[in-house]
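Enquirer: Hey, dropping coords23.pdb in here, PDB, C-alpha atoms and all ligand atoms:
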ATOM      1  CA  MET A   1       5.848  12.586  19.019  1.00  0.00           C
ATOM      2  CA  THR A   2       6.318  13.102  15.327  1.00  0.00           C
ATOM      3  CA  ASN A   3       5.393  16.057  13.157  1.00  0.00           C
ATOM      4  CA  SER A   4       4.422  14.117  10.114  1.00  0.00           C
ATOM      5  CA  ALA A   5       3.616  10.550   9.318  1.00  0.00           C
ATOM      6  CA  ARG A   6       3.914   9.894   5.606  1.00  0.00           C
ATOM      7  CA  PHE A   7       4.247   6.195   5.160  1.00  0.00           C
ATOM      8  CA  LEU A   8       4.070   3.519   2.523  1.00  0.00           C
ATOM      9  CA  ILE A   9       3.461  -0.093   3.345  1.00  0.00           C
ATOM     10  CA  VAL A  10       4.777  -2.512   0.732  1.00  0.00           C
ATOM     11  CA  GLY A  11       4.553  -6.273   0.609  1.00  0.00           C
ATOM     12  CA  PRO A  12       3.260  -9.076  -1.568  1.00  0.00           C
ATOM     13  CA  GLN A  13      -0.452  -9.798  -1.771  1.00  0.00           C
ATOM     14  CA  GLY A  14      -1.360 -11.827   1.279  1.00  0.00           C
ATOM     15  CA  SER A  15       1.386 -10.289   3.425  1.00  0.00           C
ATOM     16  CA  GLY A  16      -1.202  -8.744   5.745  1.00  0.00           C
ATOM     17  CA  LYS A  17      -0.291  -5.195   4.742  1.00  0.00           C
ATOM     18  CA  GLY A  18      -3.940  -4.095   4.596  1.00  0.00           C
ATOM     19  CA  THR A  19      -4.595  -5.117   8.184  1.00  0.00           C
ATOM     20  CA  GLN A  20      -1.278  -3.820   9.503  1.00  0.00           C
ATOM     21  CA  GLY A  21      -1.602  -0.602   7.512  1.00  0.00           C
ATOM     22  CA  VAL A  22      -4.933   0.220   9.150  1.00  0.00           C
ATOM     23  CA  LEU A  23      -3.404  -0.265  12.619  1.00  0.00           C
ATOM     24  CA  VAL A  24      -0.435   1.988  11.870  1.00  0.00           C
ATOM     25  CA  ALA A  25      -2.623   4.660  10.261  1.00  0.00           C
ATOM     26  CA  GLU A  26      -5.031   4.656  13.215  1.00  0.00           C
ATOM     27  CA  ALA A  27      -2.214   4.931  15.745  1.00  0.00           C
ATOM     28  CA  PHE A  28      -0.700   7.917  13.954  1.00  0.00           C
ATOM     29  CA  GLY A  29      -4.090   9.521  13.294  1.00  0.00           C
ATOM     30  CA  VAL A  30      -3.641   9.590   9.516  1.00  0.00           C
ATOM     31  CA  PRO A  31      -5.845   8.141   6.764  1.00  0.00           C
ATOM     32  CA  GLN A  32      -4.988   4.790   5.256  1.00  0.00           C
ATOM     33  CA  VAL A  33      -5.191   5.127   1.487  1.00  0.00           C
ATOM     34  CA  ALA A  34      -5.443   1.716  -0.156  1.00  0.00           C
ATOM     35  CA  THR A  35      -5.832   1.981  -3.925  1.00  0.00           C
ATOM     36  CA  GLY A  36      -7.132  -1.592  -4.237  1.00  0.00           C
ATOM     37  CA  ASP A  37      -9.925  -0.821  -1.748  1.00  0.00           C
ATOM     38  CA  ILE A  38     -10.825   2.401  -3.562  1.00  0.00           C
ATOM     39  CA  PHE A  39     -10.993   0.592  -6.900  1.00  0.00           C
ATOM     40  CA  ARG A  40     -13.097  -2.220  -5.434  1.00  0.00           C
ATOM     41  CA  GLU A  41     -15.542   0.274  -3.877  1.00  0.00           C
ATOM     42  CA  ASN A  42     -15.927   1.938  -7.259  1.00  0.00           C
ATOM     43  CA  VAL A  43     -16.545  -1.376  -8.979  1.00  0.00           C
ATOM     44  CA  LYS A  44     -19.137  -2.271  -6.362  1.00  0.00           C
ATOM     45  CA  GLY A  45     -20.810   1.129  -6.631  1.00  0.00           C
ATOM     46  CA  GLY A  46     -20.914   0.890 -10.429  1.00  0.00           C
ATOM     47  CA  THR A  47     -19.205   4.300 -10.903  1.00  0.00           C
ATOM     48  CA  ASP A  48     -17.601   5.323 -14.210  1.00  0.00           C
ATOM     49  CA  LEU A  49     -14.191   4.613 -12.716  1.00  0.00           C
ATOM     50  CA  GLY A  50     -15.448   1.240 -11.505  1.00  0.00           C
ATOM     51  CA  LYS A  51     -16.652   0.340 -14.985  1.00  0.00           C
ATOM     52  CA  GLN A  52     -13.315   1.390 -16.443  1.00  0.00           C
ATOM     53  CA  VAL A  53     -11.255  -0.776 -14.111  1.00  0.00           C
ATOM     54  CA  GLN A  54     -13.420  -3.818 -13.379  1.00  0.00           C
ATOM     55  CA  GLU A  55     -12.029  -6.119 -16.065  1.00  0.00           C
ATOM     56  CA  ILE A  56      -8.459  -5.090 -15.338  1.00  0.00           C
ATOM     57  CA  ILE A  57      -8.821  -5.866 -11.648  1.00  0.00           C
ATOM     58  CA  GLU A  58     -10.558  -9.172 -12.219  1.00  0.00           C
ATOM     59  CA  ALA A  59      -7.694 -10.256 -14.466  1.00  0.00           C
ATOM     60  CA  GLY A  60      -5.147  -9.179 -11.837  1.00  0.00           C
ATOM     61  CA  HIS A  61      -3.511  -6.651 -14.169  1.00  0.00           C
ATOM     62  CA  LEU A  62      -2.443  -3.162 -13.158  1.00  0.00           C
ATOM     63  CA  VAL A  63      -4.765  -0.244 -13.776  1.00  0.00           C
ATOM     64  CA  PRO A  64      -3.006   2.343 -16.016  1.00  0.00           C
ATOM     65  CA  ASP A  65      -0.594   4.590 -14.080  1.00  0.00           C
ATOM     66  CA  GLU A  66      -2.206   7.860 -15.094  1.00  0.00           C
ATOM     67  CA  LEU A  67      -5.625   6.805 -13.829  1.00  0.00           C
ATOM     68  CA  THR A  68      -4.212   5.412 -10.588  1.00  0.00           C
ATOM     69  CA  SER A  69      -1.970   8.375  -9.892  1.00  0.00           C
ATOM     70  CA  GLU A  70      -4.809  10.825 -10.506  1.00  0.00           C
ATOM     71  CA  LEU A  71      -6.939   8.907  -8.029  1.00  0.00           C
ATOM     72  CA  VAL A  72      -4.187   9.070  -5.400  1.00  0.00           C
ATOM     73  CA  ARG A  73      -3.489  12.757  -6.023  1.00  0.00           C
ATOM     74  CA  ASP A  74      -7.175  13.561  -5.497  1.00  0.00           C
ATOM     75  CA  ARG A  75      -7.305  11.499  -2.324  1.00  0.00           C
ATOM     76  CA  LEU A  76      -4.143  13.010  -0.833  1.00  0.00           C
ATOM     77  CA  ALA A  77      -5.408  16.504  -1.603  1.00  0.00           C
ATOM     78  CA  GLN A  78      -8.234  16.017   0.896  1.00  0.00           C
ATOM     79  CA  PRO A  79      -7.774  17.849   4.219  1.00  0.00           C
ATOM     80  CA  ASP A  80      -7.413  14.712   6.347  1.00  0.00           C
ATOM     81  CA  ALA A  81      -4.182  13.851   4.513  1.00  0.00           C
ATOM     82  CA  ALA A  82      -2.560  17.250   5.085  1.00  0.00           C
ATOM     83  CA  HIS A  83      -0.265  16.028   7.853  1.00  0.00           C
ATOM     84  CA  GLY A  84       0.170  12.470   6.818  1.00  0.00           C
ATOM     85  CA  PHE A  85      -1.151   9.300   5.270  1.00  0.00           C
ATOM     86  CA  LEU A  86      -0.371   5.673   4.922  1.00  0.00           C
ATOM     87  CA  LEU A  87      -0.374   4.473   1.332  1.00  0.00           C
ATOM     88  CA  ASP A  88      -1.119   0.805   0.738  1.00  0.00           C
ATOM     89  CA  GLY A  89      -0.854  -0.614  -2.770  1.00  0.00           C
ATOM     90  CA  TYR A  90       0.583   2.557  -4.319  1.00  0.00           C
ATOM     91  CA  PRO A  91       3.119   3.153  -5.775  1.00  0.00           C
ATOM     92  CA  ARG A  92       3.305  -0.226  -7.411  1.00  0.00           C
ATOM     93  CA  ASN A  93       5.873   0.383 -10.139  1.00  0.00           C
ATOM     94  CA  ARG A  94       8.632   2.794 -11.071  1.00  0.00           C
ATOM     95  CA  GLY A  95       6.347   5.139 -13.019  1.00  0.00           C
ATOM     96  CA  GLN A  96       4.088   5.540 -10.002  1.00  0.00           C
ATOM     97  CA  VAL A  97       7.113   6.265  -7.777  1.00  0.00           C
ATOM     98  CA  ASP A  98       7.954   9.154 -10.114  1.00  0.00           C
ATOM     99  CA  HIS A  99       4.369  10.418 -10.017  1.00  0.00           C
ATOM    100  CA  LEU A 100       4.293  10.309  -6.231  1.00  0.00           C
ATOM    101  CA  ASP A 101       7.679  12.025  -5.985  1.00  0.00           C
ATOM    102  CA  ALA A 102       6.519  14.859  -8.225  1.00  0.00           C
ATOM    103  CA  PHE A 103       3.267  15.237  -6.304  1.00  0.00           C
ATOM    104  CA  LEU A 104       4.944  15.328  -2.880  1.00  0.00           C
ATOM    105  CA  GLU A 105       7.708  17.609  -4.087  1.00  0.00           C
ATOM    106  CA  GLY A 106       5.065  20.036  -5.321  1.00  0.00           C
ATOM    107  CA  ARG A 107       3.730  20.167  -1.770  1.00  0.00           C
ATOM    108  CA  GLY A 108       7.162  20.439  -0.158  1.00  0.00           C
ATOM    109  CA  GLU A 109       6.721  17.030   1.420  1.00  0.00           C
ATOM    110  CA  SER A 110       8.563  13.744   1.461  1.00  0.00           C
ATOM    111  CA  LEU A 111       8.035  10.251   2.791  1.00  0.00           C
ATOM    112  CA  ASP A 112       9.093   9.418   6.343  1.00  0.00           C
ATOM    113  CA  ALA A 113       9.303   5.645   6.013  1.00  0.00           C
ATOM    114  CA  VAL A 114       8.535   2.690   3.791  1.00  0.00           C
ATOM    115  CA  ILE A 115       7.425  -0.356   5.772  1.00  0.00           C
ATOM    116  CA  GLU A 116       8.387  -3.517   3.896  1.00  0.00           C
ATOM    117  CA  LEU A 117       6.464  -6.570   5.064  1.00  0.00           C
ATOM    118  CA  VAL A 118       8.633  -9.563   4.237  1.00  0.00           C
ATOM    119  CA  VAL A 119       6.643 -12.754   3.618  1.00  0.00           C
ATOM    120  CA  PRO A 120       7.849 -15.768   1.584  1.00  0.00           C
ATOM    121  CA  ARG A 121       5.935 -16.599  -1.598  1.00  0.00           C
ATOM    122  CA  GLU A 122       4.504 -19.897  -0.303  1.00  0.00           C
ATOM    123  CA  GLU A 123       3.139 -18.180   2.795  1.00  0.00           C
ATOM    124  CA  SER A 124       1.508 -15.423   0.677  1.00  0.00           C
ATOM    125  CA  ILE A 125      -0.111 -17.997  -1.577  1.00  0.00           C
ATOM    126  CA  ALA A 126      -1.438 -19.985   1.390  1.00  0.00           C
ATOM    127  CA  ARG A 127      -2.934 -16.839   2.924  1.00  0.00           C
ATOM    128  CA  LEU A 128      -4.500 -15.735  -0.381  1.00  0.00           C
ATOM    129  CA  ARG A 129      -6.135 -19.153  -0.793  1.00  0.00           C
ATOM    130  CA  GLN A 130      -7.555 -18.785   2.687  1.00  0.00           C
ATOM    131  CA  ARG A 131      -8.823 -15.284   1.900  1.00  0.00           C
ATOM    132  CA  ALA A 132     -10.390 -16.574  -1.333  1.00  0.00           C
ATOM    133  CA  SER A 133     -12.508 -19.011   0.644  1.00  0.00           C
ATOM    134  CA  ASP A 134     -13.236 -16.497   3.444  1.00  0.00           C
ATOM    135  CA  GLN A 135     -14.078 -13.421   1.369  1.00  0.00           C
ATOM    136  CA  GLY A 136     -14.713 -14.679  -2.158  1.00  0.00           C
ATOM    137  CA  ARG A 137     -12.718 -11.886  -3.801  1.00  0.00           C
ATOM    138  CA  THR A 138     -12.946 -12.271  -7.580  1.00  0.00           C
ATOM    139  CA  ASP A 139      -9.199 -11.675  -7.982  1.00  0.00           C
ATOM    140  CA  ASP A 140      -8.191 -14.302  -5.438  1.00  0.00           C
ATOM    141  CA  THR A 141      -8.607 -17.226  -7.853  1.00  0.00           C
ATOM    142  CA  GLU A 142      -5.612 -19.519  -8.337  1.00  0.00           C
ATOM    143  CA  GLU A 143      -4.618 -18.187 -11.757  1.00  0.00           C
ATOM    144  CA  VAL A 144      -5.095 -14.534 -10.868  1.00  0.00           C
ATOM    145  CA  ILE A 145      -3.150 -14.969  -7.613  1.00  0.00           C
ATOM    146  CA  GLU A 146      -0.156 -16.231  -9.629  1.00  0.00           C
ATOM    147  CA  ASN A 147      -0.495 -13.302 -11.984  1.00  0.00           C
ATOM    148  CA  ARG A 148      -0.650 -10.728  -9.184  1.00  0.00           C
ATOM    149  CA  LEU A 149       2.339 -12.194  -7.367  1.00  0.00           C
ATOM    150  CA  ALA A 150       4.334 -12.262 -10.607  1.00  0.00           C
ATOM    151  CA  ILE A 151       3.539  -8.569 -11.163  1.00  0.00           C
ATOM    152  CA  TYR A 152       4.569  -7.861  -7.571  1.00  0.00           C
ATOM    153  CA  GLU A 153       7.912  -9.572  -8.014  1.00  0.00           C
ATOM    154  CA  ARG A 154       8.593  -8.032 -11.413  1.00  0.00           C
ATOM    155  CA  GLU A 155       7.319  -4.478 -10.962  1.00  0.00           C
ATOM    156  CA  THR A 156       6.682  -3.681  -7.317  1.00  0.00           C
ATOM    157  CA  ALA A 157       9.574  -5.311  -5.448  1.00  0.00           C
ATOM    158  CA  PRO A 158      12.093  -3.238  -7.502  1.00  0.00           C
ATOM    159  CA  ILE A 159      10.625   0.039  -6.199  1.00  0.00           C
ATOM    160  CA  LEU A 160      12.084  -0.928  -2.840  1.00  0.00           C
ATOM    161  CA  ASP A 161      15.553  -0.439  -4.343  1.00  0.00           C
ATOM    162  CA  VAL A 162      14.690   3.181  -5.041  1.00  0.00           C
ATOM    163  CA  TYR A 163      13.533   3.734  -1.479  1.00  0.00           C
ATOM    164  CA  ARG A 164      16.467   1.776  -0.045  1.00  0.00           C
ATOM    165  CA  GLU A 165      18.796   4.238  -1.743  1.00  0.00           C
ATOM    166  CA  ARG A 166      16.980   6.978   0.148  1.00  0.00           C
ATOM    167  CA  ASP A 167      17.366   4.998   3.370  1.00  0.00           C
ATOM    168  CA  LEU A 168      13.618   4.879   3.909  1.00  0.00           C
ATOM    169  CA  VAL A 169      12.963   1.139   3.968  1.00  0.00           C
ATOM    170  CA  LEU A 170      12.174  -0.629   7.234  1.00  0.00           C
ATOM    171  CA  PRO A 171      12.103  -4.373   6.568  1.00  0.00           C
ATOM    172  CA  VAL A 172       9.760  -6.191   8.943  1.00  0.00           C
ATOM    173  CA  ASP A 173       9.311  -9.948   9.200  1.00  0.00           C
ATOM    174  CA  GLY A 174       5.649 -10.465   8.297  1.00  0.00           C
ATOM    175  CA  VAL A 175       5.442 -14.088   9.430  1.00  0.00           C
ATOM    176  CA  GLY A 176       3.838 -14.661  12.806  1.00  0.00           C
ATOM    177  CA  ALA A 177       0.780 -13.714  14.806  1.00  0.00           C
ATOM    178  CA  LEU A 178      -0.917 -10.481  13.753  1.00  0.00           C
ATOM    179  CA  ASP A 179      -0.066  -8.627  16.980  1.00  0.00           C
ATOM    180  CA  GLU A 180       3.557  -9.811  16.923  1.00  0.00           C
ATOM    181  CA  VAL A 181       3.955  -8.381  13.426  1.00  0.00           C
ATOM    182  CA  THR A 182       2.259  -5.139  14.530  1.00  0.00           C
ATOM    183  CA  ALA A 183       4.705  -4.851  17.429  1.00  0.00           C
ATOM    184  CA  ARG A 184       7.651  -5.344  15.051  1.00  0.00           C
ATOM    185  CA  ILE A 185       6.368  -2.558  12.804  1.00  0.00           C
ATOM    186  CA  PHE A 186       5.993  -0.100  15.678  1.00  0.00           C
ATOM    187  CA  ALA A 187       9.446  -1.033  16.987  1.00  0.00           C
ATOM    188  CA  ALA A 188      10.993  -0.414  13.560  1.00  0.00           C
ATOM    189  CA  LEU A 189       9.234   2.961  13.266  1.00  0.00           C
ATOM    190  CA  ALA A 190      10.268   3.928  16.799  1.00  0.00           C
ATOM    191  CA  GLU A 191      13.905   3.255  15.928  1.00  0.00           C
ATOM    192  CA  ARG A 192      13.530   6.047  13.377  1.00  0.00           C
ATOM    193  CA  GLY A 193      11.931   8.308  15.954  1.00  0.00           C
ATOM    194  CA  LEU A 194       8.499   7.779  14.411  1.00  0.00           C
ATOM    195  CA  VAL A 195       6.228   7.368  17.403  1.00  0.00           C
ATOM    196  CA  PRO A 196       2.499   8.067  17.627  1.00  0.00           C
ATOM    197  CA  ASN A 197       1.463  10.490  20.329  1.00  0.00           C
ATOM    198  CA  GLY A 198      -0.474   7.937  22.342  1.00  0.00           C
ATOM    199  CA  ASP A 199      -4.116   8.817  21.877  1.00  0.00           C
ATOM    200  CA  GLY A 200      -4.306   7.958  18.217  1.00  0.00           C
ATOM    201  CA  ALA A 201      -4.857  11.570  17.233  1.00  0.00           C
ATOM    202  CA  ALA A 202      -2.653  13.396  14.765  1.00  0.00           C
ATOM    203  CA  ALA A 203       0.616  14.463  16.375  1.00  0.00           C
ATOM    204  CA  VAL A 204       0.271  17.938  14.936  1.00  0.00           C
ATOM    205  CA  PRO A 205      -2.727  20.289  14.873  1.00  0.00           C
ATOM    206  CA  ALA A 206      -4.983  19.630  11.874  1.00  0.00           C
TER
HETATM  207  P1  LIG B   1      -4.829  -4.789  -4.082  1.00  0.00           P
HETATM  208  O1  LIG B   1      -6.022  -4.893  -3.200  1.00  0.00           O
HETATM  209  O2  LIG B   1      -3.837  -3.764  -3.608  1.00  0.00           O
HETATM  210  O3  LIG B   1      -4.190  -6.117  -4.358  1.00  0.00           O
HETATM  211  O4  LIG B   1      -5.342  -4.228  -5.486  1.00  0.00           O
HETATM  212  C1  LIG B   1      -6.317  -4.933  -6.233  1.00  0.00           C
HETATM  213  C2  LIG B   1      -6.209  -4.555  -7.710  1.00  0.00           C
HETATM  214  O5  LIG B   1      -6.424  -3.158  -7.883  1.00  0.00           O
HETATM  215  C3  LIG B   1      -4.845  -4.817  -8.331  1.00  0.00           C
HETATM  216  O6  LIG B   1      -4.666  -6.166  -8.722  1.00  0.00           O
HETATM  217  C4  LIG B   1      -4.874  -3.861  -9.511  1.00  0.00           C
HETATM  218  O7  LIG B   1      -5.703  -4.342 -10.549  1.00  0.00           O
HETATM  219  C5  LIG B   1      -5.574  -2.633  -8.912  1.00  0.00           C
HETATM  220  N1  LIG B   1      -4.594  -1.717  -8.287  1.00  0.00           N
HETATM  221  C6  LIG B   1      -4.487  -1.399  -6.965  1.00  0.00           C
HETATM  222  N2  LIG B   1      -3.500  -0.541  -6.755  1.00  0.00           N
HETATM  223  C7  LIG B   1      -2.943  -0.291  -7.980  1.00  0.00           C
HETATM  224  C8  LIG B   1      -1.869   0.518  -8.430  1.00  0.00           C
HETATM  225  N3  LIG B   1      -1.128   1.242  -7.582  1.00  0.00           N
HETATM  226  N4  LIG B   1      -1.590   0.520  -9.751  1.00  0.00           N
HETATM  227  C9  LIG B   1      -2.320  -0.190 -10.618  1.00  0.00           C
HETATM  228  N5  LIG B   1      -3.324  -0.993 -10.261  1.00  0.00           N
HETATM  229  C10 LIG B   1      -3.655  -1.040  -8.956  1.00  0.00           C
END
Using structure tokens, write down the structure from this file.
Ligand code: AMP
Expert:
Amino acid sequence: MTNSARFLIVGPQGSGKGTQGVLVAEAFGVPQVATGDIFRENVKGGTDLGKQVQEIIEAGHLVPDELTSELVRDRLAQPDAAHGFLLDGYPRNRGQVDHLDAFLEGRGESLDAVIELVVPREESIARLRQRASDQGRTDDTEEVIENRLAIYERETAPILDVYRERDLVLPVDGVGALDEVTARIFAALAERGLVPNGDGAAAVPA
């Protein structure tokens, strides 16, 4: 049993972090907060935010930090995130790490673990191509995929150094069957004493 479950899941596009993140969040009874999903919902719903970010997302560029961090702060301020959350797709660069640090510090909180899904570039690209034909996401085109992976390697992978220094990073081999990878993630968390309480409900009273 664990008193808090504040996790990040980090990995290249196509690493399966969305799918795995949902499973971890459900098991620990915390919300999965995926910035990419939130942006896409806003684009789909035609909200002001959606209109602001649509072109940026379609080009595979990063939405400005201030806008993204504000979105995450608002989401984490909701009651269901009081005892934990799993962030997917945020922070994505050094500036966002600083924003998140300041936000959590202000609440007297800190992260419990950063799950790093390790998947080689070629494997990510193959999976993204597959997803492009399965789901038709507008940012899964060949050129935009390259762009997003380049941004990952240049801006996002380095944030792992920051979290490694804090001894928070749990590297997990992301190649293999979905349930094998899930089992590896739970094993890595358990080694840190981070274990869900069995029924998928929050380990602490809400
Ligand atoms: P994802 O589904 O995580 O690949 O995100 C899809 C798109 O949403 C990205 O290519 C960015 O345009 C935008 N996005 C998602 N998360 C962030 C973030 N933390 N910072 C900036 N842009 C983001």
Enquirer: I need the residue nearest ligand LIG 1 (chain B) from this list: A:Leu170, A:Val24, A:Ile159, A:Val63. Use all atoms listed in the file for the distance.
Expert: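 Checking each candidate against ligand LIG 1 (chain B), we get A:Val63 as the closest.
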Enquirer: Counting only C-alpha atoms and all ligand atoms, what are the residues of chain A within 8 Å of ligand LIG 1 (chain B), and for each of them which pair of atoms is the nearest and at what distance in Å, to one decimal? Sort the table by chain and rising number, as a Markdown table.
Expert:
| residue | atom | partner | partner_atom | distance |
| --- | --- | --- | --- | --- |
| A:Gln13 | CA | B:LIG1 | O3 | 5.8 |
| A:Ala34 | CA | B:LIG1 | O2 | 6.7 |
| A:Thr35 | CA | B:LIG1 | N2 | 4.5 |
| A:Gly36 | CA | B:LIG1 | O4 | 3.4 |
| A:Asp37 | CA | B:LIG1 | O1 | 5.8 |
| A:Phe39 | CA | B:LIG1 | O5 | 6.0 |
| A:Arg40 | CA | B:LIG1 | O5 | 7.2 |
| A:Val53 | CA | B:LIG1 | O7 | 7.5 |
| A:Ile56 | CA | B:LIG1 | O7 | 5.6 |
| A:Ile57 | CA | B:LIG1 | O7 | 3.6 |
| A:Glu58 | CA | B:LIG1 | O7 | 7.0 |
| A:Ala59 | CA | B:LIG1 | O7 | 7.4 |
| A:Gly60 | CA | B:LIG1 | O6 | 4.4 |
| A:His61 | CA | B:LIG1 | O7 | 4.8 |
| A:Leu62 | CA | B:LIG1 | N5 | 3.7 |
| A:Val63 | CA | B:LIG1 | N5 | 3.9 |
| A:Pro64 | CA | B:LIG1 | C9 | 6.0 |
| A:Asp65 | CA | B:LIG1 | N4 | 6.0 |
| A:Thr68 | CA | B:LIG1 | N4 | 5.6 |
| A:Ser69 | CA | B:LIG1 | N3 | 7.5 |
| A:Asp88 | CA | B:LIG1 | O2 | 6.9 |
| A:Gly89 | CA | B:LIG1 | O2 | 4.4 |
| A:Tyr90 | CA | B:LIG1 | N3 | 3.9 |
| A:Pro91 | CA | B:LIG1 | N3 | 5.0 |
| A:Arg92 | CA | B:LIG1 | N3 | 4.7 |
| A:Asn93 | CA | B:LIG1 | N4 | 7.5 |
| A:Gln96 | CA | B:LIG1 | N3 | 7.2 |
| A:Asp139 | CA | B:LIG1 | O6 | 7.2 |
| A:Arg148 | CA | B:LIG1 | O6 | 6.1 |
Enquirer: I need the residue nearest A:Gly108 from this list: A:Ala126, A:Ala82, A:Ile185, A:Val172. Use only C-alpha atoms for the distance.
Expert: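 Closest residue, counting only C-alpha atoms: A:Ala82.
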Enquirer: For each of A:Tyr163, A:Val114, A:Asp48, A:Gln54, take the minimum atom-to-atom distance to A:Asp98, counting all atoms listed in the file, then give the residue where this is smallest.
Expert: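 Distance minimum relative to A:Asp98 lands on A:Tyr163.
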Enquirer: Please write as a list in words the list of polymer residues whose atoms come within 12 Å of (-5.3, -19.4, -2.2), counting all atoms listed in the file and keeping to the coordinates of the file.
Expert: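 The answer, in the requested form, is Gln13, Gly14, Arg121, Glu122, Glu123, Ser124, Ile125, Ala126, Arg127, Leu128, Arg129, Gln130, Arg131, Ala132, Ser133, Asp134, Gln135, Gly136, Arg137, Thr138, Asp139, Asp140, Thr141, Glu142, Glu143, Val144, Ile145, Glu146 and Leu149 of chain A.
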Enquirer: Would you pick out the contacts of A:Asp179 at 12 Å or less, using only C-alpha atoms, so that residues sharing its chain but fewer than 2 positions from it are not included, and give the list as JSON, numbers by chain?
Expert: {"A": [16, 19, 20, 23, 24, 174, 175, 176, 177, 181, 182, 183, 184, 185, 186]}
Enquirer: Mind giving me the straight-line distance from atom CA of A:Gln32 to atom CA of A:Leu8 in Å, one decimal?
Expert: 9.5 Å
Enquirer: Identify, on the basis of all atoms listed in the file, every residue whose closest approach to A:Leu117 does not exceed 7 Å; exclude the query and any residue fewer than 3 positions from it along the same chain; express the result as a list in words.
Expert: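 Returned residues: Val10, Gly11, Ser15, Lys17, Pro171, Val172, Asp173 and Gly174 of chain A.
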Enquirer: Just checking: using only C-alpha atoms, which residue out of A:Gly50, A:Gly106, A:Gly193, A:Pro31 ends up closest to A:Gln78?
Expert: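 Between A:Gly50, A:Gly106, A:Gly193, A:Pro31, the residue approaching A:Gln78 most closely is A:Pro31.
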Enquirer: I'd like to know which of A:Asp112, A:Glu70, A:Asp101, A:Asp80 is closest to A:Val30, using only C-alpha atoms.
Expert: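 So, comparing all the options, the nearest one is A:Asp80.
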Enquirer: Grab the atom CA of A:Ile38 to atom CA of A:Gly21 distance for me, in Å with one decimal place.
Expert: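 So the answer is 14.7 Å.
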Enquirer: Using Å and a single decimal, report how far atom CA of A:Glu116 sits from atom CA of A:Val22.
Expert: 14.8 Å
Enquirer: May I ask which of the residues A:Leu67, A:Leu76, A:Ala190, A:Leu86 is the closest one to A:Leu104, counting only C-alpha atoms?
Expert: A:Leu76
Enquirer: Applying 9 Å and all atoms listed in the file, which residues near A:Arg192 remain after dropping the ones on its own chain fewer than 4 positions away? List them as a PyMOL selection string.
Expert: chain A and resi 112-113+187-188
